[in-house]
>>> print(open('input-v5.json').read())   # JSON, C-alpha atoms
[["chain", "number", "residue", "atom", "x", "y", "z"],
["A", 7, "MET", "CA", 3.46, -32.06, 51.78],
["A", 8, "ARG", "CA", 4.77, -28.86, 53.37],
["A", 9, "LYS", "CA", 2.36, -26.74, 55.31],
["A", 10, "PRO", "CA", 2.32, -23.14, 53.99],
["A", 11, "THR", "CA", 3.70, -20.57, 56.39],
["A", 12, "SER", "CA", 2.30, -17.06, 56.78],
["A", 13, "ARG", "CA", 5.50, -15.75, 55.17],
["A", 14, "ASN", "CA", 4.98, -17.98, 52.09],
["A", 15, "ILE", "CA", 1.33, -16.95, 51.86],
["A", 16, "ARG", "CA", 2.25, -13.21, 52.06],
["A", 17, "SER", "CA", 4.91, -13.74, 49.40],
["A", 18, "ARG", "CA", 2.39, -15.47, 47.10],
["A", 19, "ASN", "CA", -0.18, -12.70, 47.71],
["A", 20, "ILE", "CA", 2.38, -9.99, 46.81],
["A", 21, "THR", "CA", 3.39, -11.92, 43.69],
["A", 22, "SER", "CA", -0.28, -12.37, 42.78],
["A", 23, "ARG", "CA", -0.97, -8.61, 43.18],
["A", 24, "LYS", "CA", 2.03, -7.74, 40.98],
["A", 25, "SER", "CA", 0.85, -10.25, 38.37],
["A", 26, "MET", "CA", -2.65, -8.76, 38.37],
["A", 27, "THR", "CA", -1.25, -5.24, 37.89],
["A", 28, "LEU", "CA", 0.82, -6.51, 34.97],
["A", 29, "LEU", "CA", -2.28, -8.25, 33.66],
["A", 30, "ALA", "CA", -4.22, -4.98, 33.68],
["A", 31, "VAL", "CA", -1.52, -3.14, 31.72],
["A", 32, "ALA", "CA", -1.08, -6.17, 29.45],
["A", 33, "ALA", "CA", -4.83, -6.13, 28.82],
["A", 34, "LEU", "CA", -4.55, -2.50, 27.71],
["A", 35, "SER", "CA", -1.64, -3.50, 25.45],
["A", 36, "ILE", "CA", -3.65, -6.34, 23.92],
["A", 37, "LEU", "CA", -6.57, -3.99, 23.56],
["A", 38, "LEU", "CA", -4.42, -1.79, 21.35],
["A", 39, "SER", "CA", -2.78, -4.56, 19.34],
["A", 40, "ALA", "CA", -5.65, -5.23, 16.95],
["A", 41, "CYS", "CA", -8.45, -3.64, 14.93],
["A", 42, "PHE", "CA", -7.31, -0.17, 13.81],
["A", 43, "SER", "CA", -3.54, 0.11, 13.42],
["A", 44, "SER", "CA", -0.83, 1.97, 11.53],
["A", 45, "GLU", "CA", 2.88, 1.56, 10.96],
["A", 46, "GLN", "CA", 3.58, 5.21, 11.85],
["A", 47, "PRO", "CA", 1.72, 7.47, 14.29],
["A", 48, "LYS", "CA", -1.27, 9.20, 12.67],
["A", 49, "PHE", "CA", -1.58, 11.92, 15.35],
["A", 50, "PRO", "CA", 1.36, 14.15, 16.29],
["A", 51, "THR", "CA", 2.11, 14.39, 20.02],
["A", 52, "SER", "CA", 1.69, 18.15, 19.64],
["A", 53, "SER", "CA", -2.07, 17.58, 19.29],
["A", 54, "ALA", "CA", -2.34, 15.50, 22.49],
["A", 55, "VAL", "CA", -5.03, 16.45, 24.99],
["A", 56, "ALA", "CA", -4.98, 15.92, 28.76],
["A", 57, "ALA", "CA", -7.65, 13.20, 28.79],
["A", 58, "PHE", "CA", -6.47, 11.94, 32.20],
["A", 59, "GLY", "CA", -5.62, 15.38, 33.59],
["A", 60, "ALA", "CA", -2.73, 15.20, 36.05],
["A", 61, "GLY", "CA", -2.89, 11.39, 35.99],
["A", 62, "GLY", "CA", -3.09, 9.30, 39.14],
["A", 63, "ARG", "CA", -4.03, 5.79, 40.13],
["A", 64, "TYR", "CA", -6.94, 4.12, 38.36],
["A", 65, "VAL", "CA", -8.78, 0.87, 38.95],
["A", 66, "VAL", "CA", -9.12, -1.08, 35.70],
["A", 67, "PHE", "CA", -12.27, -3.09, 35.01],
["A", 68, "GLU", "CA", -12.75, -5.50, 32.09],
["A", 69, "HIS", "CA", -16.12, -5.70, 30.33],
["A", 70, "VAL", "CA", -17.51, -9.20, 30.87],
["A", 71, "GLY", "CA", -20.80, -8.81, 28.98],
["A", 72, "ASN", "CA", -24.30, -7.45, 29.50],
["A", 73, "GLY", "CA", -22.94, -4.07, 30.60],
["A", 74, "LYS", "CA", -21.10, -5.63, 33.54],
["A", 75, "PHE", "CA", -17.44, -5.12, 34.42],
["A", 76, "GLN", "CA", -15.04, -7.17, 36.53],
["A", 77, "LYS", "CA", -12.27, -5.52, 38.53],
["A", 78, "GLN", "CA", -8.78, -6.35, 37.25],
["A", 79, "ARG", "CA", -6.27, -4.19, 39.13],
["A", 80, "THR", "CA", -4.86, -0.73, 39.61],
["A", 81, "VAL", "CA", -2.55, 1.14, 37.22],
["A", 82, "THR", "CA", -0.76, 4.44, 37.58],
["A", 83, "VAL", "CA", -1.29, 6.99, 34.82],
["A", 84, "LYS", "CA", 1.65, 9.41, 34.57],
["A", 85, "PRO", "CA", 1.55, 12.55, 32.41],
["A", 86, "MET", "CA", 4.64, 13.02, 30.23],
["A", 87, "LEU", "CA", 6.26, 16.27, 29.04],
["A", 88, "ASP", "CA", 5.20, 15.68, 25.42],
["A", 89, "GLY", "CA", 1.47, 15.56, 26.36],
["A", 90, "SER", "CA", 1.18, 11.78, 26.34],
["A", 91, "TYR", "CA", 0.78, 9.47, 29.32],
["A", 92, "GLU", "CA", 2.45, 6.35, 30.60],
["A", 93, "PHE", "CA", 0.19, 3.64, 31.95],
["A", 94, "VAL", "CA", 2.34, 1.84, 34.51],
["A", 95, "GLY", "CA", 1.65, -1.47, 36.20],
["A", 96, "GLY", "CA", 4.60, -3.10, 37.92],
["A", 97, "LYS", "CA", 7.48, -3.25, 35.44],
["A", 98, "THR", "CA", 5.21, -2.84, 32.41],
["A", 99, "THR", "CA", 4.71, 0.58, 30.84],
["A", 100, "LEU", "CA", 2.36, 1.51, 27.98],
["A", 101, "PRO", "CA", 2.87, 4.94, 26.39],
["A", 102, "ILE", "CA", -0.33, 6.44, 25.01],
["A", 103, "SER", "CA", -1.45, 9.84, 23.77],
["A", 104, "PHE", "CA", -5.03, 11.07, 23.42],
["A", 105, "HIS", "CA", -6.32, 13.31, 20.62],
["A", 106, "ASP", "CA", -9.59, 15.19, 20.17],
["A", 107, "ALA", "CA", -11.32, 14.05, 16.98],
["A", 108, "GLY", "CA", -14.30, 16.40, 17.47],
["A", 109, "ASN", "CA", -17.89, 15.75, 18.54],
["A", 110, "GLY", "CA", -16.72, 14.46, 21.94],
["A", 111, "VAL", "CA", -14.59, 11.70, 20.43],
["A", 112, "ILE", "CA", -11.15, 11.24, 22.01],
["A", 113, "VAL", "CA", -8.77, 8.86, 20.20],
["A", 114, "GLY", "CA", -6.03, 7.00, 22.05],
["A", 115, "GLN", "CA", -2.86, 6.23, 20.09],
["A", 116, "ALA", "CA", -0.32, 3.81, 21.55],
["A", 117, "LYS", "CA", 2.71, 1.83, 20.59],
["A", 118, "PRO", "CA", 1.94, -1.35, 22.53],
["A", 119, "ASP", "CA", 5.31, -2.99, 22.00],
["A", 120, "GLU", "CA", 8.60, -1.07, 21.74],
["A", 121, "LYS", "CA", 10.20, -4.03, 19.95],
["A", 122, "LYS", "CA", 7.62, -4.04, 17.16],
["A", 123, "GLN", "CA", 6.69, -1.38, 14.71],
["A", 124, "GLY", "CA", 3.15, -0.09, 14.68],
["A", 125, "TYR", "CA", 0.49, 1.79, 16.61],
["A", 126, "GLY", "CA", -2.93, 0.79, 17.89],
["A", 127, "TYR", "CA", -6.01, 3.00, 18.36],
["A", 128, "LEU", "CA", -8.98, 3.14, 20.69],
["A", 129, "ILE", "CA", -11.79, 5.56, 21.49],
["A", 130, "LEU", "CA", -12.16, 7.08, 24.94],
["A", 131, "THR", "CA", -15.51, 8.25, 26.27],
["A", 132, "ARG", "CA", -16.45, 9.47, 29.73],
["A", 133, "ASN", "CA", -19.32, 8.70, 32.05],
["A", 134, "GLY", "CA", -18.81, 10.99, 35.03],
["A", 135, "LYS", "CA", -15.46, 9.97, 36.55],
["A", 136, "GLU", "CA", -15.36, 6.70, 34.59],
["A", 137, "MET", "CA", -13.10, 6.54, 31.56],
["A", 138, "LEU", "CA", -14.53, 4.04, 29.06],
["A", 139, "LEU", "CA", -12.16, 2.54, 26.51],
["A", 140, "HIS", "CA", -13.71, 1.28, 23.27],
["A", 141, "LEU", "CA", -11.98, -0.88, 20.71],
["A", 142, "PRO", "CA", -13.84, -0.23, 17.45],
["A", 143, "GLN", "CA", -14.23, -3.45, 15.47],
["A", 144, "CYS", "CA", -13.36, -3.36, 11.75],
["A", 145, "ASP", "CA", -15.94, -5.98, 10.88],
["A", 146, "LYS", "CA", -18.71, -3.95, 12.59],
["A", 147, "GLN", "CA", -18.09, -0.74, 10.61],
["A", 148, "ASP", "CA", -19.81, 0.54, 7.50],
["A", 149, "ALA", "CA", -17.56, -0.65, 4.63],
["A", 150, "ALA", "CA", -18.38, 2.44, 2.56],
["A", 151, "VAL", "CA", -17.29, 4.76, 5.40],
["A", 152, "LEU", "CA", -14.01, 2.89, 5.81],
["A", 153, "ALA", "CA", -13.33, 2.89, 2.06],
["A", 154, "ALA", "CA", -14.13, 6.62, 1.79],
["A", 155, "HIS", "CA", -11.43, 7.36, 4.40],
["A", 156, "GLY", "CA", -8.78, 5.11, 2.83],
["A", 157, "VAL", "CA", -8.89, 2.28, 5.39],
["A", 158, "VAL", "CA", -7.36, -0.99, 4.14],
["A", 159, "HIS", "CA", -8.57, -4.32, 5.56],
["A", 160, "ARG", "CA", -5.66, -6.55, 6.54],
["A", 161, "ASP", "CA", -8.11, -9.28, 7.47],
["A", 162, "LYS", "CA", -11.64, -9.47, 8.88],
["A", 163, "PHE", "CA", -10.60, -8.08, 12.27],
["A", 164, "GLU", "CA", -7.74, -5.68, 11.51],
["A", 165, "CYS", "CA", -7.74, -2.48, 9.50],
["A", 166, "SER", "CA", -4.75, -0.42, 8.46],
["A", 167, "ILE", "CA", -5.17, 3.35, 8.62],
["A", 168, "ASP", "CA", -1.78, 4.08, 7.02],
["A", 169, "LYS", "CA", -3.46, 5.59, 3.94],
["A", 170, "VAL", "CA", -5.98, 7.65, 5.92],
["A", 171, "SER", "CA", -5.31, 11.35, 5.34],
["A", 172, "ASP", "CA", -7.55, 12.68, 8.14],
["A", 173, "PRO", "CA", -7.62, 10.20, 11.05],
["A", 174, "ALA", "CA", -9.71, 12.56, 13.21],
["A", 175, "LYS", "CA", -12.54, 12.48, 10.62],
["A", 176, "LEU", "CA", -12.25, 8.71, 10.36],
["A", 177, "PHE", "CA", -12.56, 8.15, 14.11],
["A", 178, "ALA", "CA", -15.40, 10.67, 14.35],
["A", 179, "ALA", "CA", -17.26, 8.48, 11.83],
["A", 180, "VAL", "CA", -16.40, 5.11, 13.42],
["A", 181, "VAL", "CA", -18.91, 3.27, 15.62],
["A", 182, "PRO", "CA", -17.02, 2.73, 18.90],
["A", 183, "GLY", "CA", -19.05, -0.25, 20.07],
["A", 184, "ASP", "CA", -19.40, -1.31, 23.69],
["A", 185, "PRO", "CA", -16.57, -0.35, 26.03],
["A", 186, "THR", "CA", -14.07, -3.17, 26.55],
["A", 187, "THR", "CA", -12.48, -1.58, 29.62],
["A", 188, "LYS", "CA", -13.31, 1.10, 32.11],
["A", 189, "MET", "CA", -10.97, 2.98, 34.38],
["A", 190, "VAL", "CA", -12.09, 4.70, 37.59],
["A", 191, "PRO", "CA", -9.91, 6.96, 39.76],
["A", 192, "GLU", "CA", -8.84, 5.14, 42.90]]
>>> encode(input="input-v5.json", output="structure tokens")
Amino acid sequence: MRKPTSRNIRSRNITSRKSMTLLAVAALSILLSACFSSEQPKFPTSSAVAAFGAGGRYVVFEHVGNGKFQKQRTVTVKPMLDGSYEFVGGKTTLPISFHDAGNGVIVGQAKPDEKKQGYGYLILTRNGKEMLLHLPQCDKQDAAVLAAHGVVHRDKFECSIDKVSDPAKLFAAVVPGDPTTKMVPE
């Protein structure tokens, strides 16, 4: 068995850090790939708000239960000319725009995979400098509220908002649930 050299160890550590950054962005992509979705964007980019200001580097933490979070990695949030942001980790980029739904509710709209059609949605809240990302669960919502807004259940865990005429009102009425991720400026 070959003894690892310091060069091999450094190379593995660099590869590991890159993988963790990709994991953090991939986690955000997965976060947006379920629950509330639509085939076409429900919010125009013209209504985007600067939820992350001028952007920057953020440490991403995953919720592990009981109000505790585990550090994942760092991502760079870049503001774009159209008002949206790019979340960048290594070679992975996730475009996302944020929209004010009223009553302090900010909705994130993203196209997690350029190769596939469809958009995913989350709710952003703030606690000081912490950005808390919530993935509202379809099965934990009031069925009457969803029906009143035109939400269609695809299955127990995924809801289509394609027929929703006022997505801001829908998300203002949705229970966000516990945050699944938090992001803190580096």
>>> closest_residue(input="input-v5.json", among="A:Gln76, A:Arg63, A:Ile112, A:Ser103", to="A:Tyr125", atoms="all atoms listed in the file")
A:Ser103
>>> atom_distance(input="input-v5.json", atom1="atom CA of A:Phe49", atom2="atom CA of A:Thr186")
22.6 Å
>>> closest_atom_pairs(input="input-v5.json", of="stretch 68-136 of chain A", to="stretch 161-178 of chain A", cutoff="7 Å", atoms="all atoms listed in the file", output="tab-separated table")
residue	atom	partner	partner_atom	distance
A:Ala107	CA	A:Ala174	CA	4.4
A:Gly108	CA	A:Ala178	CA	6.6
A:Val111	CA	A:Ala178	CA	6.2
>>> atom_distance(input="input-v5.json", atom1="atom CA of A:Leu100", atom2="atom CA of A:Gly156")
27.7 Å
>>> atom_distance(input="input-v5.json", atom1="atom CA of A:Lys97", atom2="atom CA of A:Met189")
19.5 Å
>>> axis_aligned_box(input="input-v5.json", around="stretch 72-78 of chain A", padding_each_side="8 Å", output="JSON")
{"center_x": -16.5, "center_y": -5.8, "center_z": 34.0, "size_x": 31.5, "size_y": 19.4, "size_z": 25.0}
